[in-house]
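Worksheet for the structure shown next.
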Amino acid sequence: MAYLDLKNVSKSFAGTLAVKDFNLEIEKGTLVAFLGPSGCGKTTTLRMIAGFEQLDSGTILLDNSDISSVPPNRRDIGMVFQSYALFPNLTVRENIAFGLEMKKTPKKDAEKRVNQVLDMVRLQETAKRFPHQLSGGQQQRIALARALAVQPRVLLLDEPLSALDAEVRVVLRGEIRRIQSELAITTVYVTHDQEEALSISDKVVVMNKGIIEQVGAPEEIYRAPQTRFVATFIGTANQFHGKVDGRESVDCGIVRLLTEPLKDFINGQSVVVLVRPENIQVQLEPPGEGRWNSIPGVVETITFHGAVTRLGVNAGGQRVVADITVSNTKPVALNQKIWLQFTPDMCQVMVADE
Ligand SMILES: Nc1ncnc2c1ncn2[C@@H]1O[C@H](COP(=O)(O)OP(=O)(O)O)[C@@H](O)[C@H]1O
Ligand SMILES: [Mg+2]
């Protein structure tokens with residue numbers, strides 16, 4: 001049974017649909033990421049869960065009760081925004097205690113709770129400082145501590161790390177995940193950063209133009225994208241356009257690609273075959289005959305990415321990217337002729353958009 005349940009939720013602004021027929025079940029204690037490009041409706045959905053935005057239609061259930069028209073302050077939901085939104089004239093301790101005072105928590109209990117959450121975010125020593133005396137990362141930790149102080153039923157985070165620099169972002173996302181797991185608090189985490197979403201969530205909800213494209217575990221989303229949008233938004237995917245040609249192949253002009261059995265397609269149907277760069281092997285000699293695909297090409301670009309080196313290859317006029325690692329590939333030079341090799345199971349076939 002889902003703990004937080006969004007049923008057919010829709011919302012428009014001045015006639016433009018921001019969120020369209022959104023259906024999602026979130027299990028208790030899990031971290032779910034809303035991932036999608038700017039403007040796809042992530043914040044709007046989050047604000048509807050928090051109660052800052054009214055639904056046009058649909059229902060939101062929390063722990064089996066309809067909260068769609070419950071005011072925000074009675075929903076027991078904590079929220080952290082991109083901008084730190086701490087009270088500048090209150091100390092860290094006072095910032096965190098604010099919600100507890102609103103709830104008329106006895107002073108002793110409040111003090112204990114403030115200390116607990118300060119320990120949780122590992123910033124006990126900042127208790128007497130003011131927000132401007134903290135770094136951006138510290139301020140976001142305090143914002144998190146403040147949201148958690150009142151023990152909300154659900155925690156909502158809207159791009160909480162977007163204003164921070166890369167190194168702090170990576171550390172803090174790990175911290176958020178640690179705290180979330182320790183408390184087993186049901187959390188929705190909004191981000192446009194795929195790496196962030198994939199690295200910390202139990203489930204990722206990929207959104208595009210107000211609709212859900214796919215919901216799944218991070219690995220599933222990466223390995224088995226169900227739509228072209230997901231395949232290209234998450235990671236990199238080479239796209240070969242062609243027509244189904246027999247039961248297990250697609251004629252792409254420059255090459256006839258061998259695929260797994262194409263059960264849901266008809267002969268001659270226009271499709272796109274997606275192949276991830278890390279699933280392509282680069283050979284310096286023509287591969288022998290076998291049940292694999294082999295495309296000759298010429299190396300046009302070589303870009304070092306740390307763990308991998310990405311080759312941009314001209315394959316009969318089409319640009320194909322392939323990732324190689326130093327340990328498994330011989331050195332490759334610009335303008336060198338090479339062969340791109342990949343097995344049928346690395347080809348994901350999707351219907352082409354008209
Ligand atoms: N208060 C508002 N008034 C008018 N349009 C809005 C308002 N809030 C959001 N929108 C529009 O709704 C769409 C979704 O916005 P938003 O939920 O903020 O997207 P995201 O958080 O994914 O970037 C966008 O087209 C945005 O311009
Ligand atoms: Mg947003």
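The way I read the labels, and the way they are meant: chains A, B, ... in the order of the structure tokens, residue 1 as the first residue of every chain, and ligand 1 as the first ligand shown, with later ones counted on from there.
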Which neighbours of segment 274-279 of chain A fall inside 9 Å, counting only C-alpha atoms, when residues of the same chain fewer than 3 positions from it are skipped, and could you give them as a short mmCIF file (atom, residue, chain, number, x, y, z; two decimals) with N, CA and C atoms, in the first residue's frame?
```cif
data_model
loop_
_atom_site.label_atom_id
_atom_site.label_comp_id
_atom_site.auth_asym_id
_atom_site.auth_seq_id
_atom_site.Cartn_x
_atom_site.Cartn_y
_atom_site.Cartn_z
N ARG A 228 12.13 7.23 -26.03
CA ARG A 228 13.31 7.88 -26.58
C ARG A 228 13.73 9.05 -25.73
N ALA A 231 15.74 7.66 -22.91
CA ALA A 231 17.02 7.14 -23.40
C ALA A 231 18.01 8.26 -23.70
N THR A 232 17.53 9.36 -24.18
CA THR A 232 18.45 10.43 -24.56
C THR A 232 18.67 11.43 -23.43
N GLY A 235 21.95 9.75 -19.60
CA GLY A 235 23.14 9.22 -20.27
C GLY A 235 23.16 9.63 -21.72
N THR A 236 23.99 8.97 -22.49
CA THR A 236 24.10 9.27 -23.92
C THR A 236 23.68 8.03 -24.68
N ALA A 237 22.97 8.22 -25.77
CA ALA A 237 22.59 7.08 -26.60
C ALA A 237 22.78 7.44 -28.06
N ASN A 238 23.47 6.57 -28.80
CA ASN A 238 23.54 6.74 -30.25
C ASN A 238 22.20 6.34 -30.83
N GLN A 239 21.78 7.05 -31.87
CA GLN A 239 20.49 6.73 -32.49
C GLN A 239 20.70 6.38 -33.95
N PHE A 240 20.25 5.19 -34.32
CA PHE A 240 20.30 4.77 -35.72
C PHE A 240 18.86 4.68 -36.23
N HIS A 241 18.54 5.49 -37.21
CA HIS A 241 17.18 5.47 -37.76
C HIS A 241 17.10 4.43 -38.88
N VAL A 308 36.90 7.20 -18.72
CA VAL A 308 36.79 6.73 -20.10
C VAL A 308 37.27 7.81 -21.07
N ARG A 310 36.15 9.24 -24.78
CA ARG A 310 35.04 9.15 -25.73
C ARG A 310 35.53 9.45 -27.15
N LEU A 311 35.23 8.52 -28.04
CA LEU A 311 35.59 8.72 -29.44
C LEU A 311 34.37 9.18 -30.22
N VAL A 320 28.87 8.60 -34.54
CA VAL A 320 28.62 7.62 -33.50
C VAL A 320 29.64 7.85 -32.39
N VAL A 321 29.21 7.85 -31.13
CA VAL A 321 30.18 7.98 -30.04
C VAL A 321 30.36 6.63 -29.34
N ALA A 322 31.59 6.37 -28.99
CA ALA A 322 31.94 5.12 -28.31
C ALA A 322 32.91 5.44 -27.20
N ASP A 323 32.72 4.80 -26.04
CA ASP A 323 33.61 5.03 -24.91
C ASP A 323 34.61 3.89 -24.80
N ILE A 324 35.87 4.25 -24.64
CA ILE A 324 36.87 3.22 -24.44
C ILE A 324 37.60 3.50 -23.13
N GLN A 341 31.97 -2.35 -32.74
CA GLN A 341 31.38 -3.69 -32.62
C GLN A 341 30.46 -3.74 -31.40
N PHE A 342 29.25 -4.25 -31.60
CA PHE A 342 28.33 -4.45 -30.47
C PHE A 342 27.36 -5.56 -30.78
N THR A 343 26.92 -6.23 -29.71
CA THR A 343 26.06 -7.40 -29.87
C THR A 343 24.59 -6.98 -29.99
N MET A 346 22.61 -5.25 -27.17
CA MET A 346 22.92 -3.86 -26.83
C MET A 346 22.06 -2.87 -27.63
N CYS A 347 21.27 -3.40 -28.55
CA CYS A 347 20.43 -2.54 -29.40
C CYS A 347 19.04 -2.45 -28.79
N GLN A 348 18.63 -1.25 -28.47
CA GLN A 348 17.27 -1.08 -27.99
C GLN A 348 16.45 -0.43 -29.10
N VAL A 349 15.39 -1.11 -29.52
CA VAL A 349 14.61 -0.64 -30.66
C VAL A 349 13.35 0.05 -30.19
N MET A 350 13.11 1.24 -30.71
CA MET A 350 11.91 2.03 -30.34
C MET A 350 11.23 2.55 -31.58
#
```
All residues having an atom within 8 Å of ligand 2 (only C-alpha atoms and all ligand atoms) as an NGL selection string: :A and (38-39 or 41-44 or 158-159 or 190-191)
Check every protein, DNA and RNA residue against ligand 1, keep those with an atom at most 12 Å away (counting only C-alpha atoms and all ligand atoms), and present them as a ChimeraX atom specification. /A:10-20,33-48,52-54,81-82,157-159,189-193,205-212
The selected residues should be written to file as a compact mmCIF listing (two decimals), in the first residue's frame (atoms: N, CA and C atoms).
```txt
# COMPACT_ATOMS: atom_id res chain seq x y z
N SER A 10 -3.83 16.88 -12.05
CA SER A 10 -3.57 17.81 -13.15
C SER A 10 -3.58 19.24 -12.65
N LYS A 11 -2.79 20.07 -13.34
CA LYS A 11 -2.73 21.49 -12.97
C LYS A 11 -2.36 22.33 -14.20
N SER A 12 -3.14 23.35 -14.48
CA SER A 12 -2.75 24.29 -15.54
C SER A 12 -2.60 25.68 -14.98
N PHE A 13 -1.80 26.46 -15.68
CA PHE A 13 -1.67 27.90 -15.38
C PHE A 13 -2.11 28.64 -16.63
N ALA A 14 -3.13 29.47 -16.49
CA ALA A 14 -3.62 30.27 -17.61
C ALA A 14 -3.76 29.43 -18.89
N GLY A 15 -4.40 28.27 -18.72
CA GLY A 15 -4.69 27.45 -19.90
C GLY A 15 -3.55 26.55 -20.35
N THR A 16 -2.37 26.70 -19.75
CA THR A 16 -1.25 25.82 -20.14
C THR A 16 -1.09 24.73 -19.11
N LEU A 17 -1.11 23.48 -19.59
CA LEU A 17 -0.98 22.34 -18.68
C LEU A 17 0.44 22.26 -18.14
N ALA A 18 0.58 22.35 -16.83
CA ALA A 18 1.91 22.22 -16.21
C ALA A 18 2.13 20.78 -15.76
N VAL A 19 1.06 20.14 -15.29
CA VAL A 19 1.12 18.75 -14.86
C VAL A 19 -0.14 18.06 -15.38
N LYS A 20 0.06 16.92 -16.05
CA LYS A 20 -1.06 16.30 -16.74
C LYS A 20 -1.28 14.87 -16.28
N ALA A 33 12.97 10.37 -6.69
CA ALA A 33 13.43 11.59 -7.36
C ALA A 33 12.51 11.92 -8.53
N PHE A 34 12.13 13.21 -8.64
CA PHE A 34 11.48 13.70 -9.86
C PHE A 34 12.59 14.28 -10.71
N LEU A 35 12.78 13.71 -11.88
CA LEU A 35 13.88 14.14 -12.74
C LEU A 35 13.33 14.57 -14.10
N GLY A 36 13.76 15.74 -14.55
CA GLY A 36 13.32 16.19 -15.87
C GLY A 36 13.86 17.56 -16.14
N PRO A 37 13.76 18.01 -17.40
CA PRO A 37 14.31 19.32 -17.75
C PRO A 37 13.50 20.45 -17.11
N SER A 38 14.06 21.62 -17.13
CA SER A 38 13.40 22.79 -16.57
C SER A 38 12.03 22.99 -17.23
N GLY A 39 11.03 23.26 -16.42
CA GLY A 39 9.70 23.53 -16.95
C GLY A 39 8.82 22.31 -17.14
N CYS A 40 9.29 21.12 -16.73
CA CYS A 40 8.52 19.90 -16.98
C CYS A 40 7.46 19.64 -15.91
N GLY A 41 7.41 20.48 -14.87
CA GLY A 41 6.33 20.34 -13.89
C GLY A 41 6.75 19.75 -12.55
N LYS A 42 8.04 19.66 -12.29
CA LYS A 42 8.52 19.07 -11.04
C LYS A 42 8.10 19.90 -9.83
N THR A 43 8.43 21.19 -9.88
CA THR A 43 8.12 22.06 -8.74
C THR A 43 6.61 22.15 -8.52
N THR A 44 5.86 22.27 -9.60
CA THR A 44 4.40 22.36 -9.48
C THR A 44 3.85 21.12 -8.76
N THR A 45 4.34 19.95 -9.13
CA THR A 45 3.87 18.72 -8.50
C THR A 45 4.23 18.72 -7.00
N LEU A 46 5.46 19.13 -6.72
CA LEU A 46 5.92 19.19 -5.33
C LEU A 46 5.07 20.16 -4.51
N ARG A 47 4.78 21.31 -5.12
CA ARG A 47 3.97 22.33 -4.42
C ARG A 47 2.54 21.86 -4.18
N MET A 48 2.05 21.01 -5.07
CA MET A 48 0.71 20.45 -4.84
C MET A 48 0.75 19.45 -3.68
N PHE A 52 0.86 24.13 -1.38
CA PHE A 52 1.02 25.53 -1.80
C PHE A 52 0.33 25.82 -3.12
N GLU A 53 -0.09 24.77 -3.78
CA GLU A 53 -0.75 24.92 -5.07
C GLU A 53 -1.99 24.03 -5.06
N GLN A 54 -3.13 24.58 -5.48
CA GLN A 54 -4.35 23.78 -5.54
C GLN A 54 -4.35 22.87 -6.76
N PHE A 81 14.11 24.22 -0.03
CA PHE A 81 14.14 24.83 -1.36
C PHE A 81 15.58 25.02 -1.83
N GLN A 82 15.68 25.41 -3.09
CA GLN A 82 17.01 25.68 -3.65
C GLN A 82 17.70 26.83 -2.92
N LEU A 157 12.16 18.03 -1.21
CA LEU A 157 13.37 18.80 -1.48
C LEU A 157 13.33 19.27 -2.93
N ASP A 158 13.35 20.58 -3.14
CA ASP A 158 13.26 21.10 -4.50
C ASP A 158 14.62 21.64 -4.94
N GLU A 159 15.33 20.88 -5.74
CA GLU A 159 16.66 21.25 -6.23
C GLU A 159 17.52 21.80 -5.08
N TYR A 189 12.49 14.10 -3.99
CA TYR A 189 13.67 14.90 -4.26
C TYR A 189 13.60 15.37 -5.71
N VAL A 190 13.46 16.67 -5.91
CA VAL A 190 13.36 17.21 -7.27
C VAL A 190 14.73 17.63 -7.77
N THR A 191 15.06 17.21 -8.98
CA THR A 191 16.33 17.63 -9.57
C THR A 191 16.27 17.55 -11.09
N HIS A 192 17.11 18.37 -11.75
CA HIS A 192 17.22 18.22 -13.20
C HIS A 192 18.52 17.51 -13.55
N ASP A 193 19.24 17.07 -12.49
CA ASP A 193 20.56 16.48 -12.65
C ASP A 193 20.44 14.95 -12.59
N VAL A 205 11.46 9.13 -11.12
CA VAL A 205 10.30 9.44 -11.95
C VAL A 205 10.80 10.42 -13.01
N VAL A 206 10.88 9.97 -14.24
CA VAL A 206 11.37 10.86 -15.30
C VAL A 206 10.17 11.59 -15.90
N MET A 207 10.25 12.93 -15.87
CA MET A 207 9.14 13.75 -16.34
C MET A 207 9.53 14.56 -17.57
N ASN A 208 8.55 14.82 -18.41
CA ASN A 208 8.76 15.64 -19.59
C ASN A 208 7.45 16.31 -19.94
N LYS A 209 7.45 17.61 -20.06
CA LYS A 209 6.26 18.37 -20.46
C LYS A 209 5.02 18.00 -19.65
N GLY A 210 5.19 17.91 -18.33
CA GLY A 210 4.04 17.70 -17.46
C GLY A 210 3.56 16.28 -17.33
N ILE A 211 4.20 15.35 -18.02
CA ILE A 211 3.77 13.95 -17.88
C ILE A 211 4.93 13.08 -17.39
N ILE A 212 4.56 11.89 -16.87
CA ILE A 212 5.57 10.93 -16.46
C ILE A 212 5.96 10.10 -17.67
```
Just the number, please: distance in Å from atom CA of Gln269 of chain A to atom CA of Thr227 of chain A, one decimal. 16.7 Å
Distance atom CA of Pro344 of chain A-atom CA of Arg247 of chain A, one decimal place?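 Distance between the two atoms: 12.3 Å.
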